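K.L.:
My file is upload33.txt. It has compact mmCIF, C-alpha atoms and all ligand atoms:
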# COMPACT_ATOMS: atom_id res chain seq x y z
CA MET A 1 -18.11 -13.38 40.12
CA HIS A 2 -16.53 -13.87 43.57
CA GLU A 3 -13.46 -12.07 44.93
CA LEU A 4 -10.10 -13.80 44.63
CA GLY A 5 -7.24 -13.74 47.14
CA ARG A 6 -5.06 -10.61 47.26
CA LEU A 7 -1.29 -10.35 47.23
CA GLU A 8 -1.42 -8.85 50.73
CA ASP A 9 -3.13 -12.03 52.01
CA LEU A 10 0.12 -13.93 51.46
CA PRO A 11 2.93 -13.98 54.08
CA GLN A 12 5.77 -11.61 53.22
CA ASP A 13 8.43 -14.36 53.33
CA TYR A 14 6.43 -16.40 50.78
CA ARG A 15 6.08 -13.35 48.50
CA ASP A 16 9.81 -12.66 48.79
CA ALA A 17 10.62 -16.29 47.95
CA LEU A 18 8.50 -16.02 44.80
CA THR A 19 10.03 -12.71 43.77
CA GLU A 20 13.59 -14.05 44.20
CA ARG A 21 12.76 -16.85 41.76
CA ASN A 22 10.91 -14.66 39.22
CA LEU A 23 7.57 -16.22 40.07
CA VAL A 24 4.22 -14.45 40.46
CA PRO A 25 0.87 -15.77 41.77
CA LEU A 26 -1.86 -15.52 39.15
CA TRP A 27 -4.95 -15.17 41.33
CA PRO A 28 -4.40 -11.58 42.61
CA SER A 29 -4.21 -10.36 38.98
CA LEU A 30 -6.60 -12.74 37.25
CA ARG A 31 -9.61 -10.38 37.27
CA ALA A 32 -7.49 -7.56 35.86
CA VAL A 33 -6.38 -9.54 32.80
CA LEU A 34 -9.75 -11.26 32.37
CA PRO A 35 -12.42 -8.70 33.40
CA PRO A 36 -16.01 -9.94 33.27
CA HIS A 37 -18.16 -9.36 30.13
CA ALA A 38 -15.98 -6.79 28.35
CA PRO A 39 -12.41 -5.45 28.31
CA ARG A 40 -11.47 -2.31 30.25
CA PRO A 41 -9.76 -0.35 27.48
CA ARG A 42 -7.02 2.15 28.27
CA THR A 43 -7.95 3.91 25.02
CA GLN A 44 -9.94 7.04 25.85
CA PRO A 45 -12.35 8.76 23.49
CA ILE A 46 -10.23 11.72 22.32
CA CYS A 47 -10.53 14.42 19.66
CA TRP A 48 -7.64 16.33 18.08
CA PRO A 49 -9.13 19.47 16.42
CA TYR A 50 -7.07 20.49 13.38
CA GLN A 51 -7.26 24.19 14.14
CA ASP A 52 -5.54 23.56 17.49
CA LEU A 53 -2.69 21.47 16.14
CA ARG A 54 -2.07 23.20 12.79
CA PRO A 55 -0.29 26.30 14.18
CA LEU A 56 1.89 24.10 16.39
CA LEU A 57 2.78 21.89 13.42
CA LEU A 58 3.69 24.95 11.32
CA GLN A 59 5.75 26.20 14.26
CA ALA A 60 7.66 22.89 14.22
CA GLY A 61 8.51 23.77 10.61
CA GLU A 62 10.11 27.02 11.81
CA LEU A 63 11.82 25.50 14.85
CA THR A 64 13.37 22.40 13.31
CA PRO A 65 14.91 21.81 9.86
CA MET A 66 14.26 18.53 8.00
CA GLU A 67 17.83 17.28 8.61
CA LYS A 68 17.02 17.21 12.31
CA VAL A 69 13.67 15.46 12.07
CA GLU A 70 13.65 13.05 9.10
CA ARG A 71 9.86 13.13 9.46
CA ARG A 72 8.30 16.31 10.92
CA VAL A 73 5.38 14.92 12.86
CA LEU A 74 3.23 15.75 15.85
CA VAL A 75 1.93 12.48 17.28
CA LEU A 76 -1.78 12.34 18.17
CA ALA A 77 -1.31 10.65 21.53
CA ASN A 78 -4.09 9.12 23.58
CA PRO A 79 -3.55 10.07 27.26
CA GLY A 80 -5.05 6.72 28.27
CA HIS A 81 -1.94 5.05 26.89
CA GLY A 82 0.50 7.68 28.24
CA LEU A 83 1.48 10.63 26.07
CA THR A 84 4.96 9.31 25.31
CA ASN A 85 3.90 5.91 24.03
CA MET A 86 2.75 7.09 20.59
CA GLN A 87 -0.58 5.30 20.77
CA ALA A 88 -3.96 6.56 19.61
CA SER A 89 -5.30 3.12 20.54
CA ALA A 90 -3.74 -0.19 21.53
CA THR A 91 -2.78 -0.92 17.90
CA MET A 92 -3.00 2.43 16.07
CA TYR A 93 -0.46 5.23 15.79
CA LEU A 94 -1.65 8.59 14.42
CA GLY A 95 0.54 11.54 13.47
CA MET A 96 0.16 14.80 11.57
CA GLN A 97 3.12 15.31 9.25
CA LEU A 98 4.28 18.60 7.69
CA LEU A 99 6.39 18.93 4.56
CA LEU A 100 7.36 22.42 3.35
CA PRO A 101 7.97 23.39 -0.29
CA GLY A 102 11.30 22.03 -1.53
CA GLU A 103 11.77 19.69 1.42
CA TRP A 104 12.49 15.99 1.12
CA ALA A 105 11.92 13.22 3.67
CA PRO A 106 14.52 10.55 2.90
CA SER A 107 13.88 7.03 1.66
CA HIS A 108 13.46 4.24 4.17
CA ARG A 109 11.50 1.08 4.75
CA HIS A 110 10.28 -0.51 7.94
CA THR A 111 8.27 -3.37 9.34
CA PRO A 112 5.17 -1.41 10.49
CA ASN A 113 2.51 -0.71 7.85
CA ALA A 114 1.56 2.91 7.17
CA VAL A 115 -1.02 4.86 5.21
CA ARG A 116 -1.24 8.59 4.71
CA MET A 117 -4.48 10.56 4.35
CA VAL A 118 -3.72 13.93 2.76
CA VAL A 119 -5.14 16.81 4.82
CA GLU A 120 -3.98 20.03 3.17
CA GLY A 121 -1.87 21.43 0.33
CA GLU A 122 -0.85 20.50 -3.20
CA GLY A 123 2.40 19.55 -4.91
CA ALA A 124 3.81 16.93 -2.53
CA TYR A 125 4.28 13.30 -3.47
CA THR A 126 5.28 10.03 -1.87
CA THR A 127 7.36 7.59 -3.89
CA VAL A 128 6.50 4.03 -2.83
CA ASP A 129 8.45 1.11 -4.28
CA GLY A 130 9.33 3.29 -7.32
CA GLU A 131 5.78 4.55 -7.89
CA LYS A 132 5.42 8.32 -7.59
CA CYS A 133 2.10 9.01 -5.83
CA PRO A 134 0.92 12.64 -6.05
CA MET A 135 -0.84 13.91 -2.91
CA SER A 136 -4.10 15.88 -2.92
CA ARG A 137 -6.65 16.42 -0.16
CA GLY A 138 -8.36 13.14 0.74
CA ASP A 139 -6.03 10.86 -1.23
CA LEU A 140 -5.02 7.68 0.61
CA ILE A 141 -1.50 6.42 -0.06
CA LEU A 142 -0.25 3.07 1.26
CA THR A 143 3.32 2.54 2.42
CA PRO A 144 3.03 -1.11 3.43
CA THR A 145 5.50 -3.17 5.41
CA GLY A 146 8.89 -3.55 3.74
CA LEU A 147 8.33 -1.09 0.86
CA TRP A 148 10.73 1.82 0.30
CA HIS A 149 9.09 5.22 0.67
CA GLU A 150 10.14 8.86 0.65
CA HIS A 151 8.31 12.19 0.45
CA GLY A 152 9.05 15.23 -1.73
CA HIS A 153 7.34 18.57 -2.36
CA ASP A 154 7.40 20.57 -5.63
CA GLY A 155 4.56 22.94 -4.63
CA THR A 156 4.46 26.37 -3.05
CA ALA A 157 2.52 25.97 0.23
CA PRO A 158 2.84 23.66 3.26
CA VAL A 159 1.48 20.14 2.84
CA VAL A 160 0.05 18.22 5.81
CA TRP A 161 -1.08 14.62 6.00
CA LEU A 162 -2.35 12.19 8.63
CA ASP A 163 -0.16 9.12 9.10
CA VAL A 164 -1.83 5.95 10.38
CA LEU A 165 0.45 3.07 11.36
CA ASP A 166 0.15 -0.26 13.15
CA LEU A 167 3.35 0.73 14.96
CA PRO A 168 2.09 0.08 18.54
CA LEU A 169 1.30 -3.52 17.64
CA ILE A 170 4.52 -4.18 15.72
CA TYR A 171 6.56 -2.49 18.46
CA TYR A 172 4.80 -4.55 21.15
CA MET A 173 5.73 -7.65 19.14
CA GLU A 174 9.41 -6.52 19.22
CA ALA A 175 9.34 -6.61 15.43
CA SER A 176 9.72 -2.89 14.68
CA TYR A 177 12.81 -1.62 12.83
CA VAL A 178 13.81 0.60 9.92
CA THR A 179 16.34 0.40 7.06
CA GLU A 180 17.61 3.61 5.50
CA GLY A 181 17.97 3.84 1.72
CA LYS A 182 18.96 5.98 -1.23
CA PRO A 183 16.58 8.13 -3.31
CA GLN A 184 14.46 5.79 -5.43
CA PRO A 185 14.35 5.96 -9.22
CA VAL A 186 10.74 6.63 -10.27
CA THR A 187 9.52 3.69 -12.38
CA ALA A 188 5.74 4.25 -12.35
CA GLN A 189 3.10 6.93 -11.88
CA GLY A 190 -0.69 6.79 -12.11
CA ALA A 191 -0.77 3.00 -11.71
CA ASP A 192 -4.03 3.35 -9.74
CA ALA A 193 -5.80 4.12 -13.05
CA ALA A 194 -5.55 0.39 -13.87
CA TYR A 195 -7.98 -0.33 -11.02
CA GLN A 196 -10.37 2.57 -11.53
CA ARG A 197 -13.37 0.42 -12.54
CA GLY A 198 -14.81 -2.06 -10.06
CA GLY A 199 -15.47 -5.54 -11.44
CA VAL A 200 -12.51 -5.67 -13.83
CA VAL A 201 -8.80 -5.98 -13.12
CA PRO A 202 -5.79 -6.08 -15.44
CA SER A 203 -5.19 -9.62 -16.77
CA PRO A 204 -2.59 -9.43 -19.51
CA VAL A 205 -2.87 -12.79 -21.32
CA PHE A 206 -5.05 -13.97 -18.43
CA VAL A 207 -2.30 -13.60 -15.82
CA ARG A 208 -3.45 -11.82 -12.66
CA SER A 209 -1.13 -9.86 -10.41
CA HIS A 210 -0.01 -11.61 -7.23
CA ALA A 211 1.45 -8.43 -5.77
CA HIS A 212 0.60 -8.09 -2.08
CA PHE A 213 -0.08 -4.39 -2.64
CA PRO A 214 -1.16 -3.90 -6.27
CA MET A 215 -2.75 -0.50 -5.52
CA LEU A 216 -0.79 2.09 -3.55
CA ARG A 217 -2.81 5.26 -4.17
CA TYR A 218 -6.58 5.69 -3.77
CA PRO A 219 -7.44 9.15 -5.17
CA TRP A 220 -10.16 10.94 -3.21
CA ALA A 221 -11.90 12.03 -6.43
CA ASP A 222 -12.53 8.34 -7.26
CA VAL A 223 -13.55 7.32 -3.73
CA ARG A 224 -15.91 10.30 -3.44
CA ALA A 225 -17.45 9.44 -6.82
CA ALA A 226 -17.88 5.81 -5.66
CA LEU A 227 -19.75 6.98 -2.54
CA GLN A 228 -22.02 9.22 -4.60
CA ALA A 229 -22.69 6.43 -7.11
CA LEU A 230 -23.51 4.03 -4.25
CA ASP A 231 -25.95 6.57 -2.77
CA ARG A 232 -27.62 7.11 -6.15
CA SER A 233 -27.87 3.44 -7.05
CA GLN A 234 -28.88 2.10 -3.61
CA PRO A 235 -30.69 4.98 -1.88
CA GLY A 236 -31.98 2.66 0.89
CA ILE A 237 -28.58 1.21 1.82
CA ALA A 238 -27.90 1.13 5.60
CA ALA A 239 -24.66 3.11 5.31
CA VAL A 240 -23.02 4.78 2.33
CA GLN A 241 -19.60 3.35 3.06
CA VAL A 242 -16.80 1.86 0.97
CA ALA A 243 -13.77 -0.13 2.13
CA TYR A 244 -10.25 0.38 0.85
CA ILE A 245 -9.34 -3.05 -0.50
CA ASN A 246 -6.76 -4.93 -2.49
CA PRO A 247 -8.52 -4.84 -5.88
CA GLU A 248 -6.97 -8.19 -6.92
CA THR A 249 -8.31 -10.16 -3.95
CA GLY A 250 -11.11 -8.08 -2.43
CA ALA A 251 -9.38 -8.37 0.97
CA ASP A 252 -8.63 -5.38 3.21
CA CYS A 253 -5.80 -3.35 1.67
CA GLN A 254 -3.54 -4.06 4.66
CA LYS A 255 -3.44 -6.99 7.06
CA VAL A 256 -3.62 -5.26 10.44
CA LEU A 257 -5.64 -2.05 10.07
CA GLY A 258 -8.72 -1.47 7.91
CA TYR A 259 -9.72 1.75 6.18
CA SER A 260 -13.01 3.05 4.84
CA ALA A 261 -14.71 6.18 3.56
CA LEU A 262 -18.19 7.07 4.68
CA MET A 263 -20.74 9.53 3.37
CA LEU A 264 -23.47 10.78 5.69
CA ARG A 265 -26.44 11.89 3.64
CA PRO A 266 -28.02 15.29 4.47
CA GLY A 267 -29.63 15.01 7.92
CA GLU A 268 -28.56 11.37 8.32
CA ILE A 269 -28.22 9.82 11.80
CA LEU A 270 -26.26 6.57 11.59
CA ALA A 271 -26.35 4.35 14.70
CA LEU A 272 -23.41 1.94 14.65
CA PRO A 273 -23.49 -1.09 16.97
CA ALA A 274 -20.69 -1.64 19.49
CA ARG A 275 -17.82 -3.41 17.73
CA SER A 276 -14.76 -4.85 19.42
CA CYS A 277 -12.33 -2.80 17.29
CA ALA A 278 -11.19 0.72 18.17
CA THR A 279 -12.08 3.25 15.47
CA VAL A 280 -10.56 6.51 14.25
CA TYR A 281 -12.70 9.08 12.41
CA HIS A 282 -11.16 11.83 10.28
CA GLN A 283 -13.37 14.50 8.73
CA ILE A 284 -12.60 14.94 5.01
CA GLU A 285 -15.48 17.28 4.08
CA GLY A 286 -18.18 19.00 6.13
CA GLY A 287 -18.88 18.46 9.82
CA ALA A 288 -20.17 15.33 11.57
CA ARG A 289 -21.03 14.64 15.20
CA VAL A 290 -19.47 11.48 16.63
CA ALA A 291 -21.40 10.54 19.77
CA ILE A 292 -20.82 7.73 22.25
CA GLU A 293 -22.34 7.22 25.70
CA GLY A 294 -21.34 10.25 27.78
CA THR A 295 -19.27 12.04 25.12
CA ALA A 296 -19.71 13.67 21.72
CA PHE A 297 -17.27 15.29 19.32
CA ASP A 298 -18.39 17.83 16.73
CA LEU A 299 -15.83 17.34 14.00
CA ALA A 300 -14.91 20.21 11.72
CA GLU A 301 -12.99 19.64 8.51
CA ALA A 302 -9.61 17.91 9.09
CA ASP A 303 -10.44 17.02 12.72
CA THR A 304 -9.57 13.53 13.94
CA CYS A 305 -11.01 11.54 16.85
CA CYS A 306 -10.64 8.10 18.35
CA VAL A 307 -13.31 5.83 19.88
CA PRO A 308 -12.35 2.76 21.96
CA GLY A 309 -13.58 -0.70 21.07
CA TYR A 310 -16.86 -2.17 22.41
CA THR A 311 -18.51 1.26 22.13
CA ALA A 312 -21.77 1.95 20.30
CA THR A 313 -21.38 5.11 18.21
CA THR A 314 -23.87 7.44 16.55
CA LEU A 315 -22.76 9.56 13.61
CA THR A 316 -24.87 12.58 12.70
CA ASN A 317 -24.80 14.93 9.75
CA ALA A 318 -26.21 18.17 11.15
CA SER A 319 -26.60 19.69 7.68
CA ALA A 320 -30.00 19.23 6.09
CA THR A 321 -28.68 20.07 2.64
CA GLU A 322 -25.09 18.82 2.20
CA PRO A 323 -23.52 15.36 2.54
CA VAL A 324 -20.45 15.00 4.77
CA TYR A 325 -17.50 12.67 4.21
CA LEU A 326 -15.43 10.79 6.80
CA PHE A 327 -12.36 8.59 6.62
CA THR A 328 -12.16 5.74 9.15
CA ALA A 329 -9.37 3.50 10.40
CA ASP A 330 -9.85 0.50 12.71
CA ASP A 331 -8.15 -2.70 13.81
CA ALA A 332 -10.97 -5.01 12.65
CA PRO A 333 -8.78 -6.88 10.09
CA LEU A 334 -6.36 -7.89 12.86
CA GLN A 335 -9.17 -8.85 15.25
CA LYS A 336 -10.89 -10.93 12.55
CA LYS A 337 -7.67 -12.83 11.82
CA LEU A 338 -7.23 -13.50 15.55
CA GLY A 339 -10.85 -14.60 15.96
CA VAL A 340 -11.73 -11.93 18.58
CA TYR A 341 -13.80 -9.57 16.42
CA GLU A 342 -17.33 -9.03 17.74
CA VAL A 343 -20.39 -6.95 16.89
CA ARG A 344 -22.71 -6.48 19.85
CA GLY A 345 -26.36 -5.54 19.89
C1 LIG A 401 7.26 6.89 9.06
O1 LIG A 401 8.01 6.08 8.30
C2 LIG A 401 6.67 8.02 8.51
O2 LIG A 401 7.49 7.59 6.33
C3 LIG A 401 5.87 8.81 9.30
O3 LIG A 401 6.40 9.39 6.65
C4 LIG A 401 5.68 8.54 10.62
C5 LIG A 401 6.12 7.16 12.56
C6 LIG A 401 6.72 6.09 13.12
C7 LIG A 401 7.51 5.24 12.37
C8 LIG A 401 7.69 5.48 11.02
C9 LIG A 401 6.87 8.34 7.07
C10 LIG A 401 6.30 7.44 11.21
C11 LIG A 401 7.08 6.59 10.42
For the structure just supplied, provide its representation as structure tokens.

P.N.:
Amino acid sequence: MHELGRLEDLPQDYRDALTERNLVPLWPSLRAVLPPHAPRPRTQPICWPYQDLRPLLLQAGELTPMEKVERRVLVLANPGHGLTNMQASATMYLGMQLLLPGEWAPSHRHTPNAVRMVVEGEGAYTTVDGEKCPMSRGDLILTPTGLWHEHGHDGTAPVVWLDVLDLPLIYYMEASYVTEGKPQPVTAQGADAAYQRGGVVPSPVFVRSHAHFPMLRYPWADVRAALQALDRSQPGIAAVQVAYINPETGADCQKVLGYSALMLRPGEILALPARSCATVYHQIEGGARVAIEGTAFDLAEADTCCVPGYTATTLTNASATEPVYLFTADDAPLQKKLGVYEVRG
């Protein structure tokens, strides 16, 4: 691919004339926006060990009362995107949120989609669109675009969860805003039980739900059991992995980001091909090694890391006796809708 003309090759008076009229020549920047063969991602491979951030998050609880924070969060920022831009990747926002016993994070709704993966503690809940969703380690709770949500805590110890949002994308689109609300009356609890068995869905008098988000809470106990059942029933399967879906349609549970849970069998080494989407790994149980060319992260429980797109990744369970469990988030659903999703090799 041959070199194109540079800005400096142009006479200064011509450049000034362009600038005055808000015009820019394409050719000096063409290779930067269309690099050959593969993108040059700003997203860096980064790991955020939980034991490093936990004391700082608890300290935020001492330093700042809820009234002053609304949501008490430390953002997991990728330095490749600039620490102040709240980006783990081009499309994904990650944050660790702390709620102390008796605290309440007020009701609001916004255009970005969120999920929370519960990291530690018992007794907190998120109320989403009137459904009270209890939070236990490993539970995934959706707070999709436009739905009211608030967090409360009836327990006795700090509760921490990982927030994943498509905020960077929605913000980039100039479509990000919030509406504040009043405490929601609780109208439902345990609605996820209606979708506990794969293959059947509620159909009262043969009418199926058309709700965009029929399932808001995915209890870890059920997802873990599904992984174990998959391993038992299909021992030769390439990866013991399940996707978080809309149980009415089988589609990804949200439109922009996709979520899955993965079990690595004892001693398993899982080589994943390079995919165009960026991927986040969060360790739910045990310890896995996430290795890419030139870098490896040894995840301990509750650690979170990010791998840029177009990067082959090898996951290893170092234990010869115990399975390990990971939660993943990626922007494959968005890329598939846009027609740019690729698997290489
Ligand atoms: C949000 O609504 C929550 O509801 C957490 O807990 C983090 C980060 C950016 C924008 C909205 C929450 C958020 C957020």

K.L.:
Go through chain A residue by residue and, counting all atoms listed in the file, keep those with an atom at most 7 Å from ligand LIG 401 (chain A); for each kept residue give the shortest atom pair and its distance in Å to one decimal, ordered by chain and increasing number, as a Markdown table.

P.N.:
| residue | atom | partner | partner_atom | distance |
| --- | --- | --- | --- | --- |
| A:Arg71 | CA | A:LIG401 | O3 | 5.8 |
| A:Val73 | CA | A:LIG401 | C4 | 6.8 |
| A:Gly95 | CA | A:LIG401 | C4 | 6.6 |
| A:His110 | CA | A:LIG401 | O1 | 7.0 |
| A:His149 | CA | A:LIG401 | O2 | 6.3 |
| A:Glu150 | CA | A:LIG401 | O2 | 6.4 |
| A:Asp163 | CA | A:LIG401 | C3 | 6.0 |
| A:Leu167 | CA | A:LIG401 | C6 | 6.6 |

K.L.:
Taking only C-alpha atoms into account, which of A:Gly155, A:Pro323, A:Pro273, A:Gly61 comes nearest A:Ser136?

P.N.:
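Between A:Gly155, A:Pro323, A:Pro273, A:Gly61, the residue approaching A:Ser136 most closely is A:Gly155.
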
K.L.:
State, in Å with one decimal place, the distance from atom CA of A:Gly181 to atom CA of A:Leu74.

P.N.:
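Separating atom CA of A:Gly181 from atom CA of A:Leu74 is a distance of 23.6 Å.
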
K.L.:
What is the atom CA of A:Asp192 to atom CA of A:Ala226 distance in Å?

P.N.:
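Pair atom CA of A:Asp192 / atom CA of A:Ala226 returns 14.6 Å.
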
K.L.:
Given only C-alpha atoms as the basis, pick out the residue of A:Pro204, A:Gly198, A:Gly286, A:Pro36 nearest to A:Ile245.

P.N.:
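Nearest candidate to A:Ile245 out of A:Pro204, A:Gly198, A:Gly286, A:Pro36: A:Gly198.
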
K.L.:
Hey, can you pull every residue with an atom no more than 10 Å from (6.1, 1.8, -14.3), using all atoms listed in the file, and send it as a PyMOL selection string?

P.N.:
chain A and resi 130-132+186-191

K.L.:
Applying 9 Å and all atoms listed in the file, which residues near A:Glu322 remain after dropping the ones on its own chain fewer than 6 positions away? List them as a ChimeraX atom specification.

P.N.:
/A:264-267,286

K.L.:
Produce a file of the selected residues containing C-alpha atoms, as a PDB file, in the frame of the given file.

P.N.:
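Writing the result to again_13.pdb gives the following:
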ATOM      1  CA  LEU A 264     -23.470  10.780   5.690  1.00  0.00           C
ATOM      2  CA  ARG A 265     -26.440  11.890   3.640  1.00  0.00           C
ATOM      3  CA  PRO A 266     -28.020  15.290   4.470  1.00  0.00           C
ATOM      4  CA  GLY A 267     -29.630  15.010   7.920  1.00  0.00           C
ATOM      5  CA  GLY A 286     -18.180  19.000   6.130  1.00  0.00           C
TER       6      GLY A 286
END

K.L.:
Just how far from atom CA of A:Val178 is atom CA of A:Trp104, in Å to one decimal?

P.N.:
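One can read the atom CA of A:Trp104 to atom CA of A:Val178 distance as 17.8 Å.
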
K.L.:
Skipping near chain neighbours, those fewer than 4 positions away, what residues fall within 9 Å of stretch 335-338 of chain A using all atoms listed in the file, listed as a PyMOL selection string?

P.N.:
chain A and resi 255-256+276-277+331+342

K.L.:
Have a look at A:Tyr125, A:Leu26, A:Leu7, A:Pro45 and name the one nearest to A:Phe297; count only C-alpha atoms.

P.N.:
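Looking at the shortest contact to A:Phe297, the residue is A:Pro45.
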
K.L.:
Could you list, as a count of residues only, every residue within 7 Å of A:Leu142, counting all atoms listed in the file and ignoring same-chain residues fewer than 5 positions away?

P.N.:
5

K.L.:
Of the candidates A:Val128, A:Pro134, A:Arg21, A:Gly152, which one gets nearest to A:Pro214 if we count all atoms listed in the file?

P.N.:
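Of A:Val128, A:Pro134, A:Arg21, A:Gly152, the one nearest A:Pro214, counting all atoms listed in the file, is A:Val128.
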
K.L.:
Check the smallest atom-to-atom distance from each of A:Leu315, A:Leu18, A:Pro333, A:Pro168 to A:Thr84 using all atoms listed in the file, then report the winner.

P.N.:
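The closest residue to A:Thr84 is A:Pro168.
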
K.L.:
Hey, which of A:Ala329, A:Ala302, A:Ala211, A:Val324 ends up closest to A:Gln51? Count only C-alpha atoms.

P.N.:
A:Ala302

K.L.:
Determine, counting all atoms listed in the file, which protein, DNA and RNA residues have an atom within 12 Å of an atom of A:Tyr218; residues of the same chain fewer than 4 positions away are not included. Present the result as a PyMOL selection string.

P.N.:
chain A and resi 115-118+133-142+190-196+214+222-226+242-247+253+259-261

K.L.:
Write out, as a Markdown table, each residue of stretch 1-62 of chain A that has an atom at most 9 Å from stretch 156-160 of chain A, together with the closest pair of atoms and their distance in Å to one decimal, counting all atoms listed in the file, rows going by chain and rising number.

P.N.:
| residue | atom | partner | partner_atom | distance |
| --- | --- | --- | --- | --- |
| A:Arg54 | CA | A:Val160 | CA | 8.8 |
| A:Leu57 | CA | A:Val160 | CA | 8.9 |
| A:Leu58 | CA | A:Pro158 | CA | 8.2 |

K.L.:
Could the centre and edge lengths of an axis-aligned box, enclosing all atoms of stretch 40-55 of chain A in the file with 5 Å extra on each side, be given in Å to one decimal as JSON?

P.N.:
{"center_x": -6.3, "center_y": 12.0, "center_z": 21.5, "size_x": 22.1, "size_y": 38.6, "size_z": 27.5}
